[in-house]
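Peer 1: Can you keep this structure in mind? I'll have questions shortly.
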Amino acid sequence: MKIGLIGLNQTGKTSLFDLLTGKESAALAGGGKGTPNVGTGVVPDERIDFLSELCKPKKTTYAKIEFTDVAGFSTADKARNSGAAKFLNDVRPCDALVHVLRAFDSDSVIHSLGAVNPARDLESVETEMMFADLEMIEKRIARINAGKKVTKEHTEEIELLQRCFSQIENGGSIKDMELPESERIAIRGYSFLTEKPRLAVVNMDESQWMGSKSWPNKEALQVLCTSLSVPLIELCVATELEISRLPEDDRQLFMEDLGIEQSGISVLARAAYRLLGLISFMTIGSDEVRAWTIEDGTVARVAAGKIHTDIERGFIRAEVVKFGDLRELGTMAKVKEKGLFKLEGKDYVVIDGDIINFRFNI
Ligand SMILES: Nc1nc2c(ncn2[C@@H]2O[C@H](COP(=O)(O)OP(=O)(O)O)[C@@H](O)[C@H]2O)c(=O)[nH]1
Ligand SMILES: [Mg+2]
């Protein structure tokens with residue numbers, strides 16, 4: 001899964017990127033120029049911790065998310081040539097986007113739009129995304145019309161693009177259009193920005209996090225996120241980043257002190273999985289314990305293909321144990337004894353937390 005971090009300058013994107021990936025880019029990066037940072041975040045999973053402890057495998061593999069941290073842009077509403085479209089191009093390959101919004105108060109960090117107001121910032125970045133999509137649609141239509149021959153397919157494409165155009169012109173996102181599957185797939189090829197699911201992270205300082213201080217337009221931000229169908233997550237990025245760099249023993253203590261129950265990557269990954277309709281199944285063995293990410297509703301045979309196309313092709317049966325049962329009973333033998341070890345066919349719909357062993361023959 002690929003996730004792009006977007007937002008105005010100095011909102012904490014690179015800090016968040018570092019928190020998610022364990023890198024140290026913030027110290028190096030300047031204020032908004034250059035190429036995007038790309039890195040991998042490991043999705044913490046207590047189930048994998050448990051299974052790894054149980055199986056003592058040679059290798060333990062958690063789910064991963066690839067993050068792209070783009071350089072921010074400084075202004076939105078006025079200058080169309082602010083370069084936003086160029087930066088936003090870097091996240092076109094992403095499956096989802098995260099708006100990083102500044103709530104934190106700081107005299108030493110300049111705000112590119114003058115004052116702290118995450119609701120306005122979200123709106124201005126969304127506006128940039130809309131303009132970028134409108135421009136793409138216009139270009140595509142112009143290119144088709146300039147062609148020698150306009151086929152029936154072209155006419156249909158133009159008609160679909162025009163519907164997308166109206167959706168955006170009316171202040172909507174392509175992601176919220178009701179489209180038949182075939183059109184949804186056709187649209188995906190364009191990598192439109194407003195077609196991507198989004199999350200919003202409001203980046204708070206410590207006193208905001210502890211609840212002793214608020215920020216301007218807090219309610220407006222919640223209302224806006226609801227109307228955009230963009231889930232809102234609260235993080236305290238700079239503080240959590242500092243804590244993440246402490247020796248392990250101290251980390252837990254500081255996290256507890258601040259009431260941070262889950263790490264930023266946990267919170268974000270969970271929200272992203274929910275947003276994208278993703279779940280995990282696990283494979284276990286003495287070689288490897290591993291988490292696999294699939295879409296909710298995936299059947300066993302297709303899930304097998306995640307591991308290897310041969311396993312999908314030669315699929316015979318899926319041996320399925322529920323993680324909860326194994327945790328409760330402690331050993332595979334007891335799970336079998338209780339009759340909780342199930343053989344499932346190719347059309348079995350995989351459930352989050354299934355531990356699966358695929359039997360196959362090629
Ligand atoms: N006080 C405070 N400063 C922060 C916070 N998050 C980021 N910063 C600072 O804001 C500046 C910009 O952060 P950066 O992550 O580079 O933002 P980007 O331009 O969006 O990538 C840096 O000096 C950070 O240390 C925060 O939560 N509180
Ligand atoms: Mg940055």
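Ligands are numbered from 1 in the order shown, residues from 1 within each chain, and chains are lettered A, B, ... in the order they appear in the structure tokens.
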Do a neighbour search on Ser191 (chain A) at 8 Å with only C-alpha atoms, toss out local chain neighbours closer than 5 positions, and write the hits as a PDB file with all heavy atoms, in the first residue's frame.
Peer 2:
```pdb
ATOM      1  N   ARG A  92       0.522  10.913  -7.238  1.00  0.00           N
ATOM      2  CA  ARG A  92      -0.451  10.245  -8.124  1.00  0.00           C
ATOM      3  C   ARG A  92      -0.395   8.720  -8.048  1.00  0.00           C
ATOM      4  O   ARG A  92      -1.416   8.075  -8.162  1.00  0.00           O
ATOM      5  CB  ARG A  92      -0.301  10.730  -9.566  1.00  0.00           C
ATOM      6  CG  ARG A  92      -0.806  12.157  -9.738  1.00  0.00           C
ATOM      7  CD  ARG A  92      -1.201  12.481 -11.159  1.00  0.00           C
ATOM      8  NE  ARG A  92      -1.478  13.903 -11.285  1.00  0.00           N
ATOM      9  CZ  ARG A  92      -2.658  14.465 -11.074  1.00  0.00           C
ATOM     10  NH1 ARG A  92      -3.692  13.717 -10.749  1.00  0.00           N
ATOM     11  NH2 ARG A  92      -2.814  15.767 -11.178  1.00  0.00           N
ATOM     12  N   PRO A  93       0.801   8.119  -7.860  1.00  0.00           N
ATOM     13  CA  PRO A  93       0.804   6.652  -7.760  1.00  0.00           C
ATOM     14  C   PRO A  93       0.259   6.113  -6.427  1.00  0.00           C
ATOM     15  O   PRO A  93       0.148   4.905  -6.277  1.00  0.00           O
ATOM     16  CB  PRO A  93       2.298   6.297  -7.892  1.00  0.00           C
ATOM     17  CG  PRO A  93       2.975   7.531  -8.370  1.00  0.00           C
ATOM     18  CD  PRO A  93       2.155   8.680  -7.889  1.00  0.00           C
ATOM     19  N   LYS A 196      -8.765   9.750  -4.965  1.00  0.00           N
ATOM     20  CA  LYS A 196      -8.108   8.982  -3.905  1.00  0.00           C
ATOM     21  C   LYS A 196      -8.785   9.183  -2.551  1.00  0.00           C
ATOM     22  O   LYS A 196      -9.149  10.302  -2.196  1.00  0.00           O
ATOM     23  CB  LYS A 196      -6.647   9.429  -3.783  1.00  0.00           C
ATOM     24  CG  LYS A 196      -5.872   9.115  -5.041  1.00  0.00           C
ATOM     25  CD  LYS A 196      -4.435   9.513  -4.935  1.00  0.00           C
ATOM     26  CE  LYS A 196      -3.778   9.435  -6.300  1.00  0.00           C
ATOM     27  NZ  LYS A 196      -3.847   8.104  -6.929  1.00  0.00           N
TER      28      LYS A 196
END
```
Peer 1: Report as an NGL selection string which protein, DNA and RNA residues come within 10 Å of ligand 1, using only C-alpha atoms and all ligand atoms.
Peer 2: :A and (5-19 or 25-33 or 37 or 69-74 or 100-112 or 202-209 or 235-242)
Peer 1: Which residues, written as a VMD selection string, have at least one atom at most 12 Å from Val335 (chain A), with only C-alpha atoms counted and residues fewer than 3 positions away on the same chain left out?
Peer 2: chain A and resid 320 to 332 338 to 342 355
Peer 1: Quick check, in Å to one decimal: how far apart do CA of Gly277 (chain A) and CA of Ile294 (chain A) lie?
Peer 2: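 If I compute the distance from CA of Gly277 (chain A) to CA of Ile294 (chain A), I get 8.6 Å.
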Peer 1: Would you pick out the contacts of Leu224 (chain A) at 12 Å or less, using only C-alpha atoms, so that residues sharing its chain but fewer than 2 positions from it are not included, and give the list as a list in words?
Peer 2: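 Here the answer would be Pro118, Ala119, Arg120, Asp121, Leu122, Glu123, Ser124, Glu126, Ala200, Asn217, Lys218, Glu219, Ala220, Leu221, Gln222, Thr226, Ser227, Leu228, Ser229, Val230, Pro231 and Leu232 of chain A.
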Peer 1: Kindly indicate which residue among A:Gly22, A:Thr155, A:Gly171, A:Asp49 lies nearest to Ile243 (chain A), using only C-alpha atoms for the distances.
Peer 2: A:Gly22
Peer 1: Give me the residues within 10 Å of Arg163 (chain A) as a PyMOL selection string, counting only C-alpha atoms and dropping any in the same chain fewer than 5 places off.
Peer 2: chain A and resi 157-158+168-169+174+177
Peer 1: Using only C-alpha atoms, which residues sit within 12 Å of Ile362 (chain A) once same-chain residues fewer than 6 positions away are excluded, as number ranges by chain?
Peer 2: A: 308-316
Peer 1: With all heavy atoms retained, write the just-selected residues as a PDB file, in the first residue's frame.
Peer 2:
```pdb
ATOM      1  N   HIS A 308       1.638 -16.481  -3.702  1.00  0.00           N
ATOM      2  CA  HIS A 308       2.279 -16.933  -4.938  1.00  0.00           C
ATOM      3  C   HIS A 308       1.206 -17.347  -5.940  1.00  0.00           C
ATOM      4  O   HIS A 308       0.235 -17.999  -5.560  1.00  0.00           O
ATOM      5  CB  HIS A 308       3.209 -18.119  -4.658  1.00  0.00           C
ATOM      6  CG  HIS A 308       4.256 -18.285  -5.724  1.00  0.00           C
ATOM      7  ND1 HIS A 308       3.959 -18.778  -6.980  1.00  0.00           N
ATOM      8  CD2 HIS A 308       5.570 -17.986  -5.734  1.00  0.00           C
ATOM      9  CE1 HIS A 308       5.061 -18.791  -7.707  1.00  0.00           C
ATOM     10  NE2 HIS A 308       6.063 -18.309  -6.981  1.00  0.00           N
ATOM     11  N   THR A 309       1.407 -17.010  -7.195  1.00  0.00           N
ATOM     12  CA  THR A 309       0.401 -17.367  -8.207  1.00  0.00           C
ATOM     13  C   THR A 309       0.250 -18.887  -8.317  1.00  0.00           C
ATOM     14  O   THR A 309      -0.825 -19.378  -8.625  1.00  0.00           O
ATOM     15  CB  THR A 309       0.769 -16.798  -9.594  1.00  0.00           C
ATOM     16  OG1 THR A 309       2.145 -17.063  -9.830  1.00  0.00           O
ATOM     17  CG2 THR A 309       0.521 -15.310  -9.675  1.00  0.00           C
ATOM     18  N   ASP A 310       1.343 -19.637  -8.048  1.00  0.00           N
ATOM     19  CA  ASP A 310       1.267 -21.106  -8.089  1.00  0.00           C
ATOM     20  C   ASP A 310       0.269 -21.637  -7.061  1.00  0.00           C
ATOM     21  O   ASP A 310      -0.437 -22.613  -7.311  1.00  0.00           O
ATOM     22  CB  ASP A 310       2.636 -21.727  -7.783  1.00  0.00           C
ATOM     23  CG  ASP A 310       3.557 -21.666  -8.991  1.00  0.00           C
ATOM     24  OD1 ASP A 310       3.062 -21.298 -10.083  1.00  0.00           O
ATOM     25  OD2 ASP A 310       4.758 -21.959  -8.838  1.00  0.00           O
ATOM     26  N   ILE A 311       0.256 -20.998  -5.898  1.00  0.00           N
ATOM     27  CA  ILE A 311      -0.636 -21.454  -4.823  1.00  0.00           C
ATOM     28  C   ILE A 311      -2.086 -21.177  -5.215  1.00  0.00           C
ATOM     29  O   ILE A 311      -2.982 -21.962  -4.932  1.00  0.00           O
ATOM     30  CB  ILE A 311      -0.280 -20.788  -3.477  1.00  0.00           C
ATOM     31  CG1 ILE A 311       1.217 -20.920  -3.196  1.00  0.00           C
ATOM     32  CG2 ILE A 311      -1.102 -21.394  -2.340  1.00  0.00           C
ATOM     33  CD1 ILE A 311       1.668 -20.334  -1.874  1.00  0.00           C
ATOM     34  N   GLU A 312      -2.299 -20.069  -5.917  1.00  0.00           N
ATOM     35  CA  GLU A 312      -3.645 -19.759  -6.398  1.00  0.00           C
ATOM     36  C   GLU A 312      -4.050 -20.772  -7.475  1.00  0.00           C
ATOM     37  O   GLU A 312      -5.153 -21.312  -7.461  1.00  0.00           O
ATOM     38  CB  GLU A 312      -3.685 -18.325  -6.963  1.00  0.00           C
ATOM     39  CG  GLU A 312      -5.056 -17.931  -7.479  1.00  0.00           C
ATOM     40  CD  GLU A 312      -5.169 -16.444  -7.831  1.00  0.00           C
ATOM     41  OE1 GLU A 312      -4.175 -15.704  -7.678  1.00  0.00           O
ATOM     42  OE2 GLU A 312      -6.263 -16.042  -8.258  1.00  0.00           O
ATOM     43  N   ARG A 313      -3.137 -21.033  -8.397  1.00  0.00           N
ATOM     44  CA  ARG A 313      -3.421 -21.940  -9.512  1.00  0.00           C
ATOM     45  C   ARG A 313      -3.687 -23.352  -9.037  1.00  0.00           C
ATOM     46  O   ARG A 313      -4.618 -24.014  -9.476  1.00  0.00           O
ATOM     47  CB  ARG A 313      -2.244 -21.936 -10.486  1.00  0.00           C
ATOM     48  CG  ARG A 313      -2.642 -21.496 -11.872  1.00  0.00           C
ATOM     49  CD  ARG A 313      -1.501 -21.387 -12.874  1.00  0.00           C
ATOM     50  NE  ARG A 313      -0.150 -21.392 -12.349  1.00  0.00           N
ATOM     51  CZ  ARG A 313       0.725 -22.367 -12.586  1.00  0.00           C
ATOM     52  NH1 ARG A 313       0.393 -23.411 -13.317  1.00  0.00           N
ATOM     53  NH2 ARG A 313       1.951 -22.291 -12.089  1.00  0.00           N
ATOM     54  N   GLY A 314      -2.843 -23.801  -8.107  1.00  0.00           N
ATOM     55  CA  GLY A 314      -2.958 -25.193  -7.651  1.00  0.00           C
ATOM     56  C   GLY A 314      -3.753 -25.342  -6.366  1.00  0.00           C
ATOM     57  O   GLY A 314      -3.641 -26.368  -5.679  1.00  0.00           O
ATOM     58  N   PHE A 315      -4.555 -24.345  -6.061  1.00  0.00           N
ATOM     59  CA  PHE A 315      -5.291 -24.322  -4.793  1.00  0.00           C
ATOM     60  C   PHE A 315      -6.110 -25.596  -4.570  1.00  0.00           C
ATOM     61  O   PHE A 315      -6.870 -26.027  -5.441  1.00  0.00           O
ATOM     62  CB  PHE A 315      -6.225 -23.104  -4.789  1.00  0.00           C
ATOM     63  CG  PHE A 315      -7.019 -22.938  -3.514  1.00  0.00           C
ATOM     64  CD1 PHE A 315      -6.571 -22.094  -2.505  1.00  0.00           C
ATOM     65  CD2 PHE A 315      -8.214 -23.621  -3.321  1.00  0.00           C
ATOM     66  CE1 PHE A 315      -7.301 -21.938  -1.333  1.00  0.00           C
ATOM     67  CE2 PHE A 315      -8.949 -23.474  -2.145  1.00  0.00           C
ATOM     68  CZ  PHE A 315      -8.487 -22.628  -1.147  1.00  0.00           C
ATOM     69  N   ILE A 316      -5.945 -26.201  -3.405  1.00  0.00           N
ATOM     70  CA  ILE A 316      -6.786 -27.353  -3.041  1.00  0.00           C
ATOM     71  C   ILE A 316      -7.716 -26.971  -1.887  1.00  0.00           C
ATOM     72  O   ILE A 316      -8.927 -27.017  -2.012  1.00  0.00           O
ATOM     73  CB  ILE A 316      -5.930 -28.577  -2.638  1.00  0.00           C
ATOM     74  CG1 ILE A 316      -5.011 -28.991  -3.800  1.00  0.00           C
ATOM     75  CG2 ILE A 316      -6.836 -29.745  -2.243  1.00  0.00           C
ATOM     76  CD1 ILE A 316      -3.976 -30.029  -3.414  1.00  0.00           C
TER      77      ILE A 316
END
```
Peer 1: Enumerate as number ranges by chain all residues of region 127-263 of chain A assigned to strand (DSSP E or B) by DSSP on the backbone, naming them with the chain letters and numbers the document uses.
Peer 2: A: 198-203, 232-235
Peer 1: Residues of the last selection are to be written out with N, CA and C atoms, as a short mmCIF file (atom, residue, chain, number, x, y, z; two decimals), in the first residue's frame.
Peer 2:
```
data_model
loop_
_atom_site.label_atom_id
_atom_site.label_comp_id
_atom_site.auth_asym_id
_atom_site.auth_seq_id
_atom_site.Cartn_x
_atom_site.Cartn_y
_atom_site.Cartn_z
N ARG A 198 -8.90 9.87 1.29
CA ARG A 198 -8.02 10.71 2.10
C ARG A 198 -8.29 10.55 3.59
N LEU A 199 -7.20 10.75 4.34
CA LEU A 199 -7.29 10.90 5.80
C LEU A 199 -6.76 12.29 6.11
N ALA A 200 -7.13 12.82 7.26
CA ALA A 200 -6.54 14.08 7.69
C ALA A 200 -5.88 13.87 9.05
N VAL A 201 -4.64 14.33 9.17
CA VAL A 201 -3.95 14.29 10.46
C VAL A 201 -3.83 15.71 10.95
N VAL A 202 -4.39 15.98 12.10
CA VAL A 202 -4.18 17.30 12.68
C VAL A 202 -3.01 17.18 13.65
N ASN A 203 -1.98 17.95 13.34
CA ASN A 203 -0.72 17.87 14.07
C ASN A 203 -0.70 18.89 15.20
N LEU A 232 -10.71 12.08 10.46
CA LEU A 232 -9.75 12.99 11.10
C LEU A 232 -9.02 12.27 12.24
N ILE A 233 -7.70 12.35 12.20
CA ILE A 233 -6.87 11.71 13.23
C ILE A 233 -6.08 12.79 13.95
N GLU A 234 -5.93 12.63 15.24
CA GLU A 234 -5.14 13.60 15.99
C GLU A 234 -3.80 12.98 16.36
N LEU A 235 -2.72 13.69 16.05
CA LEU A 235 -1.39 13.23 16.44
C LEU A 235 -0.59 14.40 17.00
#
```
Peer 1: From the list A:Val223, A:Val349, A:His99, A:Glu159, which residue is nearest Glu295 (chain A) when using only C-alpha atoms?
Peer 2: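 Checking each of A:Val223, A:Val349, A:His99, A:Glu159 against Glu295 (chain A), counting only C-alpha atoms, the winner is A:Val349.
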Peer 1: Ranking A:Phe87, A:Tyr62, A:Phe358, A:Phe50 by minimum distance to ligand 2 and counting only C-alpha atoms and all ligand atoms, which one comes first?
Peer 2: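 Using only C-alpha atoms and all ligand atoms, ligand 2 sits closest to A:Phe87.
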Peer 1: Need to verify the contact set: region 343-345 of chain A, 7 Å, only C-alpha atoms, exclusion of same-chain residues closer than 6 positions in sequence. Can you return it as a list in words?
Peer 2: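 The filter keeps Arg317, Ala318, Glu319 and Val320 of chain A.
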Peer 1: Between A:Ile144, A:Ile65, A:Val38, A:Met130, which residue has the minimum interatomic distance to ligand 2, considering only C-alpha atoms and all ligand atoms?
Peer 2: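 Between A:Ile144, A:Ile65, A:Val38, A:Met130, the residue approaching ligand 2 most closely is A:Val38.
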Peer 1: Separation of CA of Ala115 (chain A) and CA of Pro36 (chain A), in Å?
Peer 2: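 CA of Pro36 (chain A) lies 25.7 Å from CA of Ala115 (chain A).
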